[in-house]
Amino acid sequence: MLSTLPKGLGAGGCYYQYQGFWYSSVWLLGTIWAQQSFKARDTDILLAASPKSGTTWMKALMFAIINRKRYPHLPSSSSAAAAAASHPLLTKSPHNCVPYLEVRDEEHMIGGNPIAYLDSLPPSSPRLLSTHIPYTSLPKSILSDSGGRIVYIARNPKDVFVSYWSFCQKFKSKTDQSKGQPLAAISMEEAFELFCKGVSITGPFWDHVLDYWKASLEHPDQVVFMKYEDMKMDTMQHVKSLAEFMGHPFSLEEERQGVVQEIINLCSFQNLSNLEVNKSGAYHVHIASQTGQTPLLVNNSAFFRRGEVGDSKNHLTVEMLEHLDKITEEKLGSFGLKL
């Protein structure tokens, strides 16, 4: 099927256009598999984002929120202390704790079916999942009023591009996943022009953001739209709002005991980026295809760059920054959305 789709070169290699958006072959095959096989549940909680918009941080926060009873943050006994010391986020990447719809890490691959693990999760508790799939391309079982909730995190495209470019440079092996051929290197300037034209993973970036923004306005009880910059500015308030939307609000007693702050500390960039698993571990991505499992190795450290707001000014020219601002205003301004 790949040979029938429009193809282009992006910062991360060869991309294919499918349903109006661009994908690498790995992400595209996983997306199609999810569209055909994923069955949503009305208790699902789905984190969605354009790549490099704060996914890793949000995965950690949402995992810690929903599992705070199982893994206490303020131990008051020896058993609680042991549970806190064994918190999964201390020994696993957030991407291993919160699985994607469209790809599977090595630990959770069952046979050759990337969806089998998600189906195997017990129905007694919510499934916490994530995706980069555009809203209009989500599996029909999600879009058909499944009752589940979607948390979307958006970020300023200037910082997104710099983080995206940096991430693409860190791949351990740059090969065309469909043909096994080395990728042609492109400059940052070339990648910037392509990004502005919409050619990036699950791009156009602005279309991705806008579709989820519209969904949040049309279905506020099911889709919440959050901004990375707002999260950084007032993390406490937004973590409490996030927990409320997820159906796991903090009690007054938890707030008094400092549970919210403990979760923020656990999931902070400084803490997560300095954990051994995130410094030396790797994320093994698998999908299923006609040729068998297709692995993609990404060092966990690649998911942690700086985590700052506005760092793009240190990497892009004034002209580049202004150009992205202009596109953002043209694409999103009339819809009342500012990034």
# chains A, B, ... in the order shown; residues from 1 in each chain; ligands from 1
call {"tool": "select_by_dssp", "arguments": {"residues": "region 43-263 of chain A", "states": "strand (DSSP E)", "output": "PyMOL selection string"}}
result
chain A and resi 45-49+104-105+128-131+149-154+175-176+181-182+223-227
call {"tool": "write_last_selection", "arguments": {"atoms": "N, CA, C and O atoms", "output": "CSV table (one decimal), in the first residue's frame"}}
result
chain,number,residue,atom,x,y,z
A,45,ILE,N,-9.0,6.2,28.8
A,45,ILE,CA,-8.5,7.6,28.9
A,45,ILE,C,-7.3,7.6,27.9
A,45,ILE,O,-6.3,6.9,28.1
A,46,LEU,N,-7.4,8.5,26.9
A,46,LEU,CA,-6.5,8.6,25.9
A,46,LEU,C,-5.8,9.9,25.9
A,46,LEU,O,-6.4,11.0,25.8
A,47,LEU,N,-4.4,9.9,25.9
A,47,LEU,CA,-3.6,11.1,25.8
A,47,LEU,C,-3.2,11.2,24.3
A,47,LEU,O,-2.7,10.3,23.7
A,48,ALA,N,-3.5,12.4,23.7
A,48,ALA,CA,-3.2,12.6,22.3
A,48,ALA,C,-2.4,13.8,22.2
A,48,ALA,O,-2.5,14.8,23.0
A,49,ALA,N,-1.5,13.8,21.2
A,49,ALA,CA,-0.6,15.0,21.0
A,49,ALA,C,0.1,14.9,19.7
A,49,ALA,O,0.3,13.8,19.2
A,104,ARG,N,3.8,-0.7,19.6
A,104,ARG,CA,4.0,-1.5,20.9
A,104,ARG,C,5.4,-1.6,21.3
A,104,ARG,O,6.3,-1.9,20.4
A,105,ASP,N,5.7,-1.4,22.6
A,105,ASP,CA,7.1,-1.7,23.0
A,105,ASP,C,7.3,-3.2,23.2
A,105,ASP,O,6.3,-3.9,23.2
A,128,LEU,N,-5.2,3.4,30.3
A,128,LEU,CA,-4.5,4.7,30.1
A,128,LEU,C,-3.7,4.5,28.8
A,128,LEU,O,-2.7,3.7,28.9
A,129,LEU,N,-4.0,5.1,27.7
A,129,LEU,CA,-3.4,4.9,26.5
A,129,LEU,C,-2.9,6.3,25.9
A,129,LEU,O,-3.3,7.3,26.4
A,130,SER,N,-2.1,6.2,24.8
A,130,SER,CA,-1.7,7.4,24.2
A,130,SER,C,-1.6,7.3,22.7
A,130,SER,O,-1.7,6.1,22.1
A,131,THR,N,-1.6,8.4,22.0
A,131,THR,CA,-1.5,8.3,20.5
A,131,THR,C,-1.0,9.6,19.9
A,131,THR,O,-1.2,10.7,20.5
A,149,ARG,N,-12.5,9.2,27.4
A,149,ARG,CA,-12.0,10.6,27.5
A,149,ARG,C,-10.7,10.8,26.8
A,149,ARG,O,-9.8,9.9,26.8
A,150,ILE,N,-10.5,12.0,26.2
A,150,ILE,CA,-9.3,12.3,25.5
A,150,ILE,C,-8.7,13.6,26.1
A,150,ILE,O,-9.4,14.6,26.2
A,151,VAL,N,-7.4,13.5,26.4
A,151,VAL,CA,-6.6,14.6,26.9
A,151,VAL,C,-5.7,15.0,25.8
A,151,VAL,O,-4.8,14.2,25.4
A,152,TYR,N,-5.8,16.2,25.3
A,152,TYR,CA,-4.9,16.7,24.2
A,152,TYR,C,-3.9,17.7,24.8
A,152,TYR,O,-4.4,18.7,25.4
A,153,ILE,N,-2.6,17.5,24.5
A,153,ILE,CA,-1.7,18.5,24.9
A,153,ILE,C,-1.0,19.2,23.7
A,153,ILE,O,-0.6,18.5,22.8
A,154,ALA,N,-1.1,20.5,23.7
A,154,ALA,CA,-0.6,21.2,22.5
A,154,ALA,C,0.6,22.1,23.0
A,154,ALA,O,0.7,22.5,24.2
A,175,THR,N,17.3,4.5,9.1
A,175,THR,CA,17.1,3.7,7.9
A,175,THR,C,15.6,3.8,7.5
A,175,THR,O,14.7,4.0,8.4
A,176,ASP,N,15.3,3.7,6.3
A,176,ASP,CA,14.0,3.7,5.8
A,176,ASP,C,13.4,2.4,6.2
A,176,ASP,O,13.8,1.3,5.7
A,181,GLN,N,16.9,1.1,3.8
A,181,GLN,CA,18.0,1.9,3.1
A,181,GLN,C,18.3,3.1,4.0
A,181,GLN,O,17.5,3.6,4.7
A,182,PRO,N,19.6,3.5,4.0
A,182,PRO,CA,20.0,4.7,4.8
A,182,PRO,C,19.2,5.9,4.3
A,182,PRO,O,18.9,6.1,3.2
A,223,VAL,N,-13.4,15.6,25.6
A,223,VAL,CA,-12.1,16.0,25.1
A,223,VAL,C,-11.7,17.3,25.8
A,223,VAL,O,-12.4,18.3,25.8
A,224,VAL,N,-10.5,17.3,26.4
A,224,VAL,CA,-10.0,18.5,27.0
A,224,VAL,C,-8.7,18.9,26.3
A,224,VAL,O,-7.9,18.0,26.0
A,225,PHE,N,-8.6,20.2,26.1
A,225,PHE,CA,-7.4,20.7,25.3
A,225,PHE,C,-6.6,21.5,26.3
A,225,PHE,O,-7.0,22.4,27.0
A,226,MET,N,-5.3,21.0,26.5
A,226,MET,CA,-4.4,21.6,27.4
A,226,MET,C,-3.2,22.1,26.7
A,226,MET,O,-2.8,21.6,25.6
A,227,LYS,N,-2.5,23.2,27.2
A,227,LYS,CA,-1.3,23.7,26.6
A,227,LYS,C,-0.1,23.5,27.5
A,227,LYS,O,-0.1,23.7,28.7
call {"tool": "select_by_dssp", "arguments": {"residues": "region 46-251 of chain A", "states": "helix (DSSP H, G or I)", "output": "PyMOL selection string"}}
result
chain A and resi 55-66+78-85+88-91+94-97+106-108+116-120+135-137+140-143+157-169+188-196+205-218+228-233+235-246
call {"tool": "write_last_selection", "arguments": {"atoms": "C-alpha atoms", "output": "short mmCIF file (atom, residue, chain, number, x, y, z; two decimals), in the first residue's frame"}}
result
data_model
loop_
_atom_site.label_atom_id
_atom_site.label_comp_id
_atom_site.auth_asym_id
_atom_site.auth_seq_id
_atom_site.Cartn_x
_atom_site.Cartn_y
_atom_site.Cartn_z
CA THR A 55 3.89 13.57 25.59
CA THR A 56 6.52 12.05 27.89
CA TRP A 57 5.77 14.46 30.74
CA MET A 58 2.01 14.05 30.36
CA LYS A 59 2.28 10.25 30.30
CA ALA A 60 4.16 10.34 33.59
CA LEU A 61 1.69 12.73 35.23
CA MET A 62 -1.39 10.83 34.09
CA PHE A 63 0.09 7.47 35.10
CA ALA A 64 1.03 8.81 38.54
CA ILE A 65 -2.42 10.38 39.01
CA ILE A 66 -4.42 7.29 38.12
CA SER A 78 7.05 0.29 55.82
CA SER A 79 4.78 -1.41 53.28
CA ALA A 80 3.82 1.94 51.77
CA ALA A 81 7.48 2.92 51.68
CA ALA A 82 8.31 -0.23 49.76
CA ALA A 83 5.48 0.49 47.32
CA ALA A 84 6.72 4.05 46.78
CA ALA A 85 10.29 2.85 46.22
CA PRO A 88 7.14 1.96 37.92
CA LEU A 89 8.17 5.46 36.83
CA LEU A 90 11.44 4.98 38.73
CA THR A 91 12.41 1.90 36.72
CA PRO A 94 6.81 6.69 30.79
CA HIS A 95 6.37 5.25 27.30
CA ASN A 96 6.50 1.75 28.74
CA CYS A 97 3.98 2.69 31.41
CA GLU A 106 8.89 -4.98 23.19
CA GLU A 107 7.58 -5.84 26.66
CA HIS A 108 3.94 -5.64 25.58
CA ALA A 116 -3.63 -7.95 21.56
CA TYR A 117 -1.97 -6.44 24.64
CA LEU A 118 -4.50 -3.61 24.81
CA ASP A 119 -7.35 -6.12 24.52
CA SER A 120 -5.81 -8.18 27.33
CA TYR A 135 -8.38 13.24 15.49
CA THR A 136 -10.11 12.53 12.17
CA SER A 137 -8.04 9.35 11.71
CA LYS A 140 -13.98 4.55 14.55
CA SER A 141 -14.68 2.91 17.90
CA ILE A 142 -13.23 6.01 19.59
CA LEU A 143 -15.03 8.54 17.41
CA PRO A 157 5.16 25.11 17.13
CA LYS A 158 8.49 26.92 17.45
CA ASP A 159 9.54 24.77 20.39
CA VAL A 160 7.88 21.72 18.81
CA PHE A 161 10.00 22.05 15.69
CA VAL A 162 13.30 22.43 17.56
CA SER A 163 12.49 19.44 19.77
CA TYR A 164 11.33 17.44 16.75
CA TRP A 165 14.51 18.23 14.82
CA SER A 166 16.71 17.33 17.78
CA PHE A 167 14.83 14.07 18.32
CA CYS A 168 15.24 13.03 14.69
CA GLN A 169 19.00 13.45 15.00
CA MET A 188 17.81 22.04 9.73
CA GLU A 189 16.82 24.76 7.27
CA GLU A 190 15.41 22.19 4.86
CA ALA A 191 13.56 20.43 7.67
CA PHE A 192 12.15 23.80 8.76
CA GLU A 193 10.75 24.53 5.31
CA LEU A 194 9.17 21.08 5.18
CA PHE A 195 7.67 21.53 8.66
CA CYS A 196 6.15 24.85 7.56
CA PHE A 205 1.10 20.33 12.78
CA TRP A 206 -1.58 23.04 12.67
CA ASP A 207 -4.25 20.70 11.26
CA HIS A 208 -3.48 18.16 13.99
CA VAL A 209 -3.89 20.76 16.73
CA LEU A 210 -6.95 22.41 15.20
CA ASP A 211 -8.95 19.20 14.83
CA TYR A 212 -8.53 18.35 18.52
CA TRP A 213 -9.29 21.96 19.47
CA LYS A 214 -12.57 21.79 17.57
CA ALA A 215 -13.38 18.43 19.17
CA SER A 216 -12.81 19.92 22.63
CA LEU A 217 -15.30 22.69 21.86
CA GLU A 218 -17.88 20.28 20.46
CA TYR A 228 2.22 22.80 27.51
CA GLU A 229 3.09 26.41 28.34
CA ASP A 230 0.13 26.70 30.74
CA MET A 231 1.12 23.42 32.37
CA LYS A 232 4.64 24.73 32.97
CA MET A 233 3.42 28.09 34.28
CA THR A 235 1.63 22.99 37.14
CA MET A 236 -0.22 22.56 40.43
CA GLN A 237 -3.54 23.93 39.20
CA HIS A 238 -3.40 22.12 35.87
CA VAL A 239 -2.50 18.78 37.43
CA LYS A 240 -5.55 19.11 39.68
CA SER A 241 -7.71 20.00 36.68
CA LEU A 242 -6.26 17.05 34.76
CA ALA A 243 -7.07 14.65 37.59
CA GLU A 244 -10.62 16.03 37.76
CA PHE A 245 -11.17 15.47 34.03
CA MET A 246 -9.74 11.96 34.25
#
call {"tool": "atom_distance", "arguments": {"atom1": "CA of Ile32 (chain A)", "atom2": "CA of Pro51 (chain A)"}}
result
17.9 Å
call {"tool": "atom_distance", "arguments": {"atom1": "CA of Val103 (chain A)", "atom2": "CA of Pro134 (chain A)"}}
result
14.8 Å
call {"tool": "closest_residue", "arguments": {"among": "A:Pro139, A:Gly12, A:Pro6, A:Gly54", "to": "Trp33 (chain A)", "atoms": "only C-alpha atoms"}}
result
A:Pro139
call {"tool": "atom_distance", "arguments": {"atom1": "CA of Trp22 (chain A)", "atom2": "CA of Leu2 (chain A)"}}
result
11.9 Å
